[in-house]
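Enquirer: Please see the structure below; I have some questions.
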Amino acid sequence: MNRSAPVDDINENDLVVHAPKTSAAGVKAVMVALDRGFSQAGVSRTVRSMLRVNQRNGVDCPGCAWPESITGARKPAEFCENGAKALAEENTTRTADPAWWGSHSIEELSGKTEYWLGNQGRITEPMAIREGETHYSPISWADAFATIGEHINATTPDRCVFYTSGRTANETAFMYQLFARSLGTNNLPDCSNMCHESSGTAMNPTIGIGKGTVSLEDFDHAELIFVVGQNPGTNHPRMLSALADARRKGAKVVAVNPLPEAGLLNFKDPQSLRGAIGNGDTIADEFLQIKVGGDLALFQAFGHLLLQEEERVPGSVVDRAFVDAQTDGFAEYAAARAELDWDATEEATGLSRMEISAIAGMLAKSKGTIICWALGLTQQPHSVNTLREIVNLLLLQGNFGKPGAGACPVRGHSNVQGDRTMGIWEKPSEKLLAAIDAEFGIESPRAHGYDSTETVEAFEENDVDVFVSMGGNFSLACSDTEALEAGMRRAGLTVHISTKPNRSHVVHGKTSIILPTLGRTDRDDKHPGGPQFVSVEDSMSVVHTSQGRLAPISRHLLAEPVIVARMAQAVFGPNHAVDWKAMAEDYDVVRDHISRVLPGFEDFNARVRGRNGFVLPNPPRDTRTFATDIGKGRFTVSPLEYLTPPPGHLVLQTMRSHDQYNTTFYGLDDRYRGISGGRRVILVHPEDLAELGVKDRDLVDVVSTFGGTERRANRFRLVAYPTARGCAAAYFPEANALVHRGLVARESNTPGYKAMMVRFLPHTREPGSTFDERL
């Protein structure tokens, strides 16, 4: 069914660099979106999916988790350019059928990039490869599940790992964690471990919840909005509409980022006359170009200055009634912030005292502040302390439980937040486990399992016999890529529940099985009771339905809940305490179970069918209360800490291209940054290039240093770019090989993708090394 020719592979010599853009979206975004859709899926499938995406009773976008309004009307096009690209990838009529797999050996596929692999099309039938074989070949569903059951039953639960991608729907996630716990393991790593784990780790002990405390409607009432360590123009483009609307209603927006991203400067909404043919909307009133890792110092300085202003004009800044009644630890916090080392603060942030003081003045005057952040704050050794410092500022001014105020960690993948709500976590609470056991009559394990970083270590120690991946691309998403892939190849069985080929299929275990599944936009109607829908939770705790309507590309695909149920039946047999068959046949059964296990989901089936679904409880937002162990919001004190590179090194952060989402590459045009045709680039300030004795477009090998060890990635092109001084940026996942698995955020164990200390060497290919050249 290959109706479109697959793309050619990347030729890094085709790299083209232009000046960065100063605005995002516009008519160009519409044209790119339509072109990608039409070329991949044809006009009919593209138009039908676009008309339903993010609409009420439609399909939730398989891209980001930014919410839709639950009070106002939806726009006719309730999606962004990258959402349209995600739809095109899923709706493609290209197919990786058995003939395709038969014509490409593992040796050949190992030399292909992720860009090439992902553009080959949808997988149409279950495929398998066994030790000694050179190609994947078809396997029946029955034999695939029987093989999985045999491998799992031949080992112990602690040697089985069940990974989850953020795109998994609520019903699937609940069944998946139930399967793992019925087996006897909490080895449930997920993509949250690599992204916002630091947010939950910081927020749960301080405000009693690991989620954001604002609604989309709060943006209409805010006086001041911070966008920190985040590039909404590429990763959550619909957020730009909310920011533009907020500014029109009087809010000020402060962007804090090492890179001057187009989406933080100007937004041309293609659905408005101003955006289509006008000058668009300014987004950031102020831009602080901070050094990578300097945010902790910045927010400590803000706290110091706010307390100084409160001392000068008592009652003008600190919400004393709120602080005295609802928080603990203020006195210790105030004492710690009473003095500030301005020399160290300026060194840490790369900002002047005047710049910081000006923004602190805006904070002091604001009666409603929202602080938004993403991965720029969560992937450094001191990330958890940085986020605690943000909580301190919000508590100080009483910015919880009132309109236009609160914490806003902006989640990435659609339903990554829902997965955690459903119990996908390696460190479950006793309350959750007890509720599961009471509902199903099983005995869940209490010992903590592996997170994603610990799974990498387990692979290296040969402690994984069976690895099951519900979506995602674990090989490329994790740190220490080369060591991880070697470990994956030693595992007894790898199972991938996937829609398209990816790198993890190539670095397979001794036996590997690929189970092709329905996508978010596919019709799920192979059930006794007719078509089924699933549910998702967006970045602001709204749970709503999602139902695909397009004809699946192959009659052999199974829905994810059905795949989980049949794996469980193959492992446990027909007499298990859990009725897996009933859940697979009717997802209402799954939701009924969820309603009795998870607080906030009472009467799930009725409420999710409402016009806008329903909003989960959120004590800081709903009642200005905090479900911490002390029943109050908690101020904390952290020491000043920032990233200091050794002589001759820069601090390297990873970033996403405008033509990608996580490990999925839609194309090779990072349009807003002016980079196209290649991905192995490192953006460096021109003055840093000169200091290091290298030049723009030099071809270099990159060496990272951590804990006395080194990692190396070959053949990167240096590009002069207006980054913060002392810092550099490279694309994820090409730079992941440089991240030692021990470089993590303390407490959350999130990989340090924004904290690599790197130096450059003239490019030379190492004898016998093909890994870096392939990427």
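Here's how to read the names in the structure tokens: chain A, B, ... by the order shown, residue numbers from 1 in each chain, ligand numbers from 1 in the order shown.
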For Thr654 (chain A), list every protein, DNA or RNA residue within 8 Å, evaluated using only C-alpha atoms, and leave out those in the same chain fewer than 2 positions away; present the list as a PDB file with all heavy atoms, in the first residue's frame.
Expert:
ATOM      1  N   LEU A 652      26.533  22.133  27.492  1.00  0.00           N
ATOM      2  CA  LEU A 652      25.703  21.748  26.350  1.00  0.00           C
ATOM      3  C   LEU A 652      24.317  21.320  26.815  1.00  0.00           C
ATOM      4  O   LEU A 652      24.180  20.506  27.737  1.00  0.00           O
ATOM      5  CB  LEU A 652      26.365  20.596  25.579  1.00  0.00           C
ATOM      6  CG  LEU A 652      25.586  20.061  24.366  1.00  0.00           C
ATOM      7  CD1 LEU A 652      25.553  21.094  23.253  1.00  0.00           C
ATOM      8  CD2 LEU A 652      26.212  18.765  23.857  1.00  0.00           C
ATOM      9  N   ARG A 656      14.930  20.329  20.765  1.00  0.00           N
ATOM     10  CA  ARG A 656      14.189  19.692  19.684  1.00  0.00           C
ATOM     11  C   ARG A 656      14.152  20.619  18.477  1.00  0.00           C
ATOM     12  O   ARG A 656      14.056  21.838  18.622  1.00  0.00           O
ATOM     13  CB  ARG A 656      12.747  19.395  20.107  1.00  0.00           C
ATOM     14  CG  ARG A 656      12.539  18.083  20.829  1.00  0.00           C
ATOM     15  CD  ARG A 656      13.125  18.096  22.194  1.00  0.00           C
ATOM     16  NE  ARG A 656      12.705  16.931  22.991  1.00  0.00           N
ATOM     17  CZ  ARG A 656      13.245  16.610  24.144  1.00  0.00           C
ATOM     18  NH1 ARG A 656      14.239  17.324  24.636  1.00  0.00           N
ATOM     19  NH2 ARG A 656      12.813  15.570  24.816  1.00  0.00           N
ATOM     20  N   ALA A 729      24.128  24.288  22.272  1.00  0.00           N
ATOM     21  CA  ALA A 729      22.898  23.506  22.125  1.00  0.00           C
ATOM     22  C   ALA A 729      23.033  22.546  20.957  1.00  0.00           C
ATOM     23  O   ALA A 729      23.593  22.898  19.906  1.00  0.00           O
ATOM     24  CB  ALA A 729      21.698  24.427  21.920  1.00  0.00           C
ATOM     25  N   ALA A 730      22.540  21.323  21.136  1.00  0.00           N
ATOM     26  CA  ALA A 730      22.540  20.304  20.082  1.00  0.00           C
ATOM     27  C   ALA A 730      21.212  19.567  20.134  1.00  0.00           C
ATOM     28  O   ALA A 730      20.505  19.608  21.143  1.00  0.00           O
ATOM     29  CB  ALA A 730      23.694  19.323  20.275  1.00  0.00           C
ATOM     30  N   TYR A 731      20.890  18.891  19.046  1.00  0.00           N
ATOM     31  CA  TYR A 731      19.596  18.225  18.979  1.00  0.00           C
ATOM     32  C   TYR A 731      19.566  16.939  19.808  1.00  0.00           C
ATOM     33  O   TYR A 731      20.540  16.191  19.882  1.00  0.00           O
ATOM     34  CB  TYR A 731      19.235  17.895  17.535  1.00  0.00           C
ATOM     35  CG  TYR A 731      18.941  19.100  16.686  1.00  0.00           C
ATOM     36  CD1 TYR A 731      19.606  19.308  15.476  1.00  0.00           C
ATOM     37  CD2 TYR A 731      17.992  20.042  17.089  1.00  0.00           C
ATOM     38  CE1 TYR A 731      19.330  20.416  14.688  1.00  0.00           C
ATOM     39  CE2 TYR A 731      17.717  21.145  16.308  1.00  0.00           C
ATOM     40  CZ  TYR A 731      18.382  21.334  15.110  1.00  0.00           C
ATOM     41  OH  TYR A 731      18.112  22.434  14.336  1.00  0.00           O
ATOM     42  N   PHE A 732      18.427  16.716  20.435  1.00  0.00           N
ATOM     43  CA  PHE A 732      18.038  15.435  21.023  1.00  0.00           C
ATOM     44  C   PHE A 732      17.431  14.617  19.883  1.00  0.00           C
ATOM     45  O   PHE A 732      16.643  15.148  19.107  1.00  0.00           O
ATOM     46  CB  PHE A 732      16.989  15.708  22.110  1.00  0.00           C
ATOM     47  CG  PHE A 732      16.268  14.500  22.645  1.00  0.00           C
ATOM     48  CD1 PHE A 732      16.615  13.963  23.867  1.00  0.00           C
ATOM     49  CD2 PHE A 732      15.216  13.926  21.954  1.00  0.00           C
ATOM     50  CE1 PHE A 732      15.927  12.860  24.376  1.00  0.00           C
ATOM     51  CE2 PHE A 732      14.535  12.837  22.448  1.00  0.00           C
ATOM     52  CZ  PHE A 732      14.889  12.296  23.661  1.00  0.00           C
ATOM     53  N   PRO A 733      17.765  13.333  19.690  1.00  0.00           N
ATOM     54  CA  PRO A 733      18.587  12.486  20.543  1.00  0.00           C
ATOM     55  C   PRO A 733      20.040  12.327  20.082  1.00  0.00           C
ATOM     56  O   PRO A 733      20.761  11.514  20.636  1.00  0.00           O
ATOM     57  CB  PRO A 733      17.861  11.147  20.446  1.00  0.00           C
ATOM     58  CG  PRO A 733      17.376  11.113  19.025  1.00  0.00           C
ATOM     59  CD  PRO A 733      17.000  12.532  18.698  1.00  0.00           C
ATOM     60  N   ALA A 735      22.578  13.998  20.607  1.00  0.00           N
ATOM     61  CA  ALA A 735      23.549  14.290  21.664  1.00  0.00           C
ATOM     62  C   ALA A 735      23.404  13.384  22.878  1.00  0.00           C
ATOM     63  O   ALA A 735      24.198  13.489  23.816  1.00  0.00           O
ATOM     64  CB  ALA A 735      23.416  15.751  22.098  1.00  0.00           C
ATOM     65  N   TYR A 753      20.146  16.089  30.495  1.00  0.00           N
ATOM     66  CA  TYR A 753      20.249  16.503  29.094  1.00  0.00           C
ATOM     67  C   TYR A 753      20.572  17.985  28.942  1.00  0.00           C
ATOM     68  O   TYR A 753      20.910  18.432  27.849  1.00  0.00           O
ATOM     69  CB  TYR A 753      18.937  16.209  28.362  1.00  0.00           C
ATOM     70  CG  TYR A 753      18.582  14.752  28.256  1.00  0.00           C
ATOM     71  CD1 TYR A 753      17.338  14.294  28.668  1.00  0.00           C
ATOM     72  CD2 TYR A 753      19.481  13.826  27.732  1.00  0.00           C
ATOM     73  CE1 TYR A 753      16.997  12.955  28.560  1.00  0.00           C
ATOM     74  CE2 TYR A 753      19.146  12.490  27.628  1.00  0.00           C
ATOM     75  CZ  TYR A 753      17.905  12.053  28.049  1.00  0.00           C
ATOM     76  OH  TYR A 753      17.565  10.730  27.941  1.00  0.00           O
ATOM     77  N   LYS A 754      20.461  18.747  30.017  1.00  0.00           N
ATOM     78  CA  LYS A 754      20.778  20.181  29.959  1.00  0.00           C
ATOM     79  C   LYS A 754      21.989  20.494  30.841  1.00  0.00           C
ATOM     80  O   LYS A 754      22.069  21.579  31.426  1.00  0.00           O
ATOM     81  CB  LYS A 754      19.571  20.998  30.443  1.00  0.00           C
ATOM     82  CG  LYS A 754      18.259  20.703  29.750  1.00  0.00           C
ATOM     83  CD  LYS A 754      18.244  21.144  28.298  1.00  0.00           C
ATOM     84  CE  LYS A 754      16.849  21.087  27.697  1.00  0.00           C
ATOM     85  NZ  LYS A 754      16.294  19.732  27.559  1.00  0.00           N
TER      86      LYS A 754
END
Enquirer: Need to verify the contact set: region 82-88 of chain A, 6 Å, only C-alpha atoms, exclusion of same-chain residues closer than 4 positions in sequence. Can you return it as a list of chain:residue names?
Expert: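 Everything that qualifies: A:Ala33, A:Gly37, A:Gln40, A:Gly63, A:Thr92.
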Enquirer: Would you write out, as a tab-separated table, a table of all residues in region 442-487 of chain A that have an atom no more than 12 Å from an atom of region 510-519 of chain A, listing for each the closest atom pair and the distance in Å to one decimal, considering only C-alpha atoms and ordering rows by chain and rising residue number?
Expert:
residue	atom	partner	partner_atom	distance
A:Val464	CA	A:Lys510	CA	11.9
A:Asp465	CA	A:Lys510	CA	9.8
A:Val466	CA	A:Thr511	CA	9.6
A:Phe467	CA	A:Ser512	CA	9.5
A:Val468	CA	A:Ile513	CA	9.4
A:Ser469	CA	A:Ile514	CA	9.7
A:Met470	CA	A:Leu515	CA	9.6
A:Gly471	CA	A:Thr517	CA	9.1
A:Ala486	CA	A:Lys510	CA	11.6
A:Gly487	CA	A:Lys510	CA	10.9
Enquirer: If you run DSSP on the backbone, which residues of region 228-369 of chain A are strand (DSSP E), as JSON, numbers by chain?
Expert: {"A": [228, 252, 253, 254, 255, 256, 266, 267, 268, 281, 282, 286, 287, 288, 327, 328, 369]}
Enquirer: Please, could you write that set of residues out with N, CA and C atoms as a compact mmCIF listing (two decimals), in the first residue's frame?
Expert:
# COMPACT_ATOMS: atom_id res chain seq x y z
N VAL A 228 9.60 29.80 31.25
CA VAL A 228 10.98 29.55 31.65
C VAL A 228 11.45 28.19 31.11
N LYS A 252 1.59 40.83 31.40
CA LYS A 252 2.96 40.94 30.91
C LYS A 252 3.56 39.54 30.86
N VAL A 253 4.39 39.29 29.86
CA VAL A 253 5.03 37.98 29.69
C VAL A 253 6.54 38.15 29.75
N VAL A 254 7.18 37.34 30.60
CA VAL A 254 8.63 37.34 30.72
C VAL A 254 9.16 35.99 30.26
N ALA A 255 10.01 35.98 29.26
CA ALA A 255 10.64 34.75 28.76
C ALA A 255 12.04 34.63 29.35
N VAL A 256 12.35 33.43 29.84
CA VAL A 256 13.66 33.15 30.42
C VAL A 256 14.21 31.92 29.71
N ASN A 266 7.48 36.65 18.73
CA ASN A 266 6.30 37.11 18.02
C ASN A 266 5.52 35.91 17.49
N PHE A 267 4.18 36.02 17.53
CA PHE A 267 3.30 34.94 17.10
C PHE A 267 2.34 35.47 16.04
N LYS A 268 2.36 34.83 14.87
CA LYS A 268 1.43 35.18 13.80
C LYS A 268 0.37 34.08 13.70
N ASP A 281 1.53 39.14 16.92
CA ASP A 281 1.46 39.59 18.31
C ASP A 281 2.81 39.40 18.99
N THR A 282 3.26 40.44 19.67
CA THR A 282 4.43 40.30 20.54
C THR A 282 4.09 39.32 21.65
N GLU A 286 9.54 40.96 28.09
CA GLU A 286 10.94 40.98 28.53
C GLU A 286 11.55 39.61 28.24
N PHE A 287 12.81 39.63 27.85
CA PHE A 287 13.53 38.38 27.58
C PHE A 287 14.82 38.37 28.38
N LEU A 288 14.95 37.41 29.28
CA LEU A 288 16.17 37.21 30.04
C LEU A 288 16.93 36.04 29.42
N THR A 327 0.98 27.99 55.23
CA THR A 327 2.33 27.54 54.88
C THR A 327 3.18 27.32 56.13
N ASP A 328 4.31 26.66 55.90
CA ASP A 328 5.28 26.39 56.96
C ASP A 328 6.67 26.68 56.43
N THR A 369 0.31 35.86 39.39
CA THR A 369 1.46 35.43 38.59
C THR A 369 1.37 33.94 38.30
Enquirer: With 7 Å as the cut-off and only C-alpha atoms counted, what is the closest atom pair between each nearby residue of region 555-612 of chain A and region 131-154 of chain A? Distances in Å to one decimal, ordered by chain and number, as CSV.
Expert:
residue,atom,partner,partner_atom,distance
A:Arg566,CA,A:Phe145,CA,6.8
A:Met567,CA,A:Phe145,CA,5.7
A:Ala570,CA,A:Gly149,CA,4.9
A:Val571,CA,A:Gly149,CA,4.4
Enquirer: Counting only C-alpha atoms, which of A:Phe626, A:Phe162, A:Phe38, A:Phe174 gets nearest to Val534 (chain A)?
Expert: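 Nearest candidate to Val534 (chain A) out of A:Phe626, A:Phe162, A:Phe38, A:Phe174: A:Phe174.
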Enquirer: Go through A:Val43, A:Ala358, A:Leu598, A:Val507 and flag the residue nearest Glu107 (chain A), using only C-alpha atoms for the distances.
Expert: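 Smallest separation from Glu107 (chain A) among the options: A:Val507.
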Enquirer: Per DSSP on the backbone, what are the helix (DSSP H, G or I) residues of region 459-671 of chain A, as a PyMOL selection string?
Expert: chain A and resi 459-460+474-477+481-490+503-506+560-572+580-585+587-597+604-608+619-622+671
Enquirer: Can you measure CA of Met422 (chain A) to CA of Asp579 (chain A) for me? One decimal in Å is fine.
Expert: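 Taking CA of Met422 (chain A) and CA of Asp579 (chain A), their separation equals 18.2 Å.
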Enquirer: With distances taken over only C-alpha atoms, which residue among A:Gly58, A:Pro98, A:Pro381, A:Gly708 lies nearest Arg611 (chain A)?
Expert: A:Gly58
Enquirer: My list of candidates is A:Ala491, A:Ala720, A:Leu375, A:Cys727. Which is closest to Ala348 (chain A) when distances are computed with only C-alpha atoms?
Expert: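 Of the candidates, the smallest distance to Ala348 (chain A) is held by A:Cys727.
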Enquirer: Quick one: of A:Pro409, A:Gly250, A:Pro617, A:Gly72, who's nearest to Thr421 (chain A), counting only C-alpha atoms?
Expert: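 Among the listed residues, the smallest separation from Thr421 (chain A) belongs to A:Pro617.
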Enquirer: Skip His413 (chain A) itself and residues of its chain fewer than 2 positions away, then list as a list of chain:residue names all residues within 7 Å of it, counting only C-alpha atoms.
Expert: A:Gly63, A:Cys64, A:Ala65, A:Gly166, A:Arg167, A:Arg411, A:Asn415, A:Val416
Enquirer: Can I get the selection written as a PDB file, in the first residue's frame, with N, CA, C and O atoms?
Expert:
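Below is the file that was written, again_26.pdb:
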ATOM      1  N   GLY A  63       0.056  14.752  19.470  1.00  0.00           N
ATOM      2  CA  GLY A  63       1.244  15.527  19.776  1.00  0.00           C
ATOM      3  C   GLY A  63       1.304  15.919  21.238  1.00  0.00           C
ATOM      4  O   GLY A  63       1.361  15.080  22.128  1.00  0.00           O
ATOM      5  N   CYS A  64       1.214  17.232  21.508  1.00  0.00           N
ATOM      6  CA  CYS A  64       1.449  17.719  22.866  1.00  0.00           C
ATOM      7  C   CYS A  64       0.187  17.668  23.720  1.00  0.00           C
ATOM      8  O   CYS A  64      -0.908  17.391  23.240  1.00  0.00           O
ATOM      9  N   ALA A  65       0.354  17.985  25.012  1.00  0.00           N
ATOM     10  CA  ALA A  65      -0.726  17.883  25.992  1.00  0.00           C
ATOM     11  C   ALA A  65      -1.343  19.239  26.324  1.00  0.00           C
ATOM     12  O   ALA A  65      -2.032  19.365  27.335  1.00  0.00           O
ATOM     13  N   GLY A 166       4.350   8.368  26.632  1.00  0.00           N
ATOM     14  CA  GLY A 166       3.319   9.279  27.103  1.00  0.00           C
ATOM     15  C   GLY A 166       2.056   9.291  26.282  1.00  0.00           C
ATOM     16  O   GLY A 166       1.058   9.864  26.702  1.00  0.00           O
ATOM     17  N   ARG A 167       2.058   8.698  25.104  1.00  0.00           N
ATOM     18  CA  ARG A 167       0.880   8.781  24.245  1.00  0.00           C
ATOM     19  C   ARG A 167      -0.165   7.721  24.572  1.00  0.00           C
ATOM     20  O   ARG A 167      -1.252   7.709  24.012  1.00  0.00           O
ATOM     21  N   ARG A 411       3.462  19.984  30.322  1.00  0.00           N
ATOM     22  CA  ARG A 411       3.791  18.610  29.944  1.00  0.00           C
ATOM     23  C   ARG A 411       3.964  18.503  28.441  1.00  0.00           C
ATOM     24  O   ARG A 411       3.415  19.281  27.667  1.00  0.00           O
ATOM     25  N   ASN A 415      -1.150  12.933  27.033  1.00  0.00           N
ATOM     26  CA  ASN A 415      -1.469  11.963  28.085  1.00  0.00           C
ATOM     27  C   ASN A 415      -0.281  11.456  28.881  1.00  0.00           C
ATOM     28  O   ASN A 415      -0.404  10.479  29.624  1.00  0.00           O
ATOM     29  N   VAL A 416       0.854  12.107  28.792  1.00  0.00           N
ATOM     30  CA  VAL A 416       1.954  11.727  29.677  1.00  0.00           C
ATOM     31  C   VAL A 416       1.539  11.940  31.133  1.00  0.00           C
ATOM     32  O   VAL A 416       1.926  11.173  32.028  1.00  0.00           O
TER      33      VAL A 416
END
Enquirer: Grab the CA of Ser199 (chain A) to CA of Thr168 (chain A) distance for me, in Å with one decimal place.
Expert: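 If I compute the distance from CA of Ser199 (chain A) to CA of Thr168 (chain A), I get 20.5 Å.
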Enquirer: Considering only C-alpha atoms, return as a list in words whatever protein or nucleic-acid residues lie within 12 Å of region 628-631 of chain A, sequence-local ones (same chain, fewer than 2 positions apart) excluded.
Expert: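 Surrounding residues, per the criterion: Ala202, Met203, Asn204, Pro205, Thr206, Ile207, Gly208, Ile209, Gly210, Ala325, Gln326, Thr327, Asp328, Gly329, Pro619, Pro620, Arg624, Thr625, Phe626, Gly633, Arg634 and Phe635 of chain A.
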Enquirer: Within 10 Å of region 296-309 of chain A, counting only C-alpha atoms, which residues qualify if same-chain residues fewer than 3 places away don't, as a VMD selection string?
Expert: chain A and resid 256 290 293 312 to 318 333 to 342 344 to 351 353 356 to 361 363 to 365 377 382 to 394 396 to 397 637 to 642
Enquirer: Rank nothing, just name the residue among A:Val30, A:Leu183, A:Leu558, A:Leu650 nearest to Thr499 (chain A), using only C-alpha atoms.
Expert: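 For Thr499 (chain A), the nearest of the given residues is A:Leu558.
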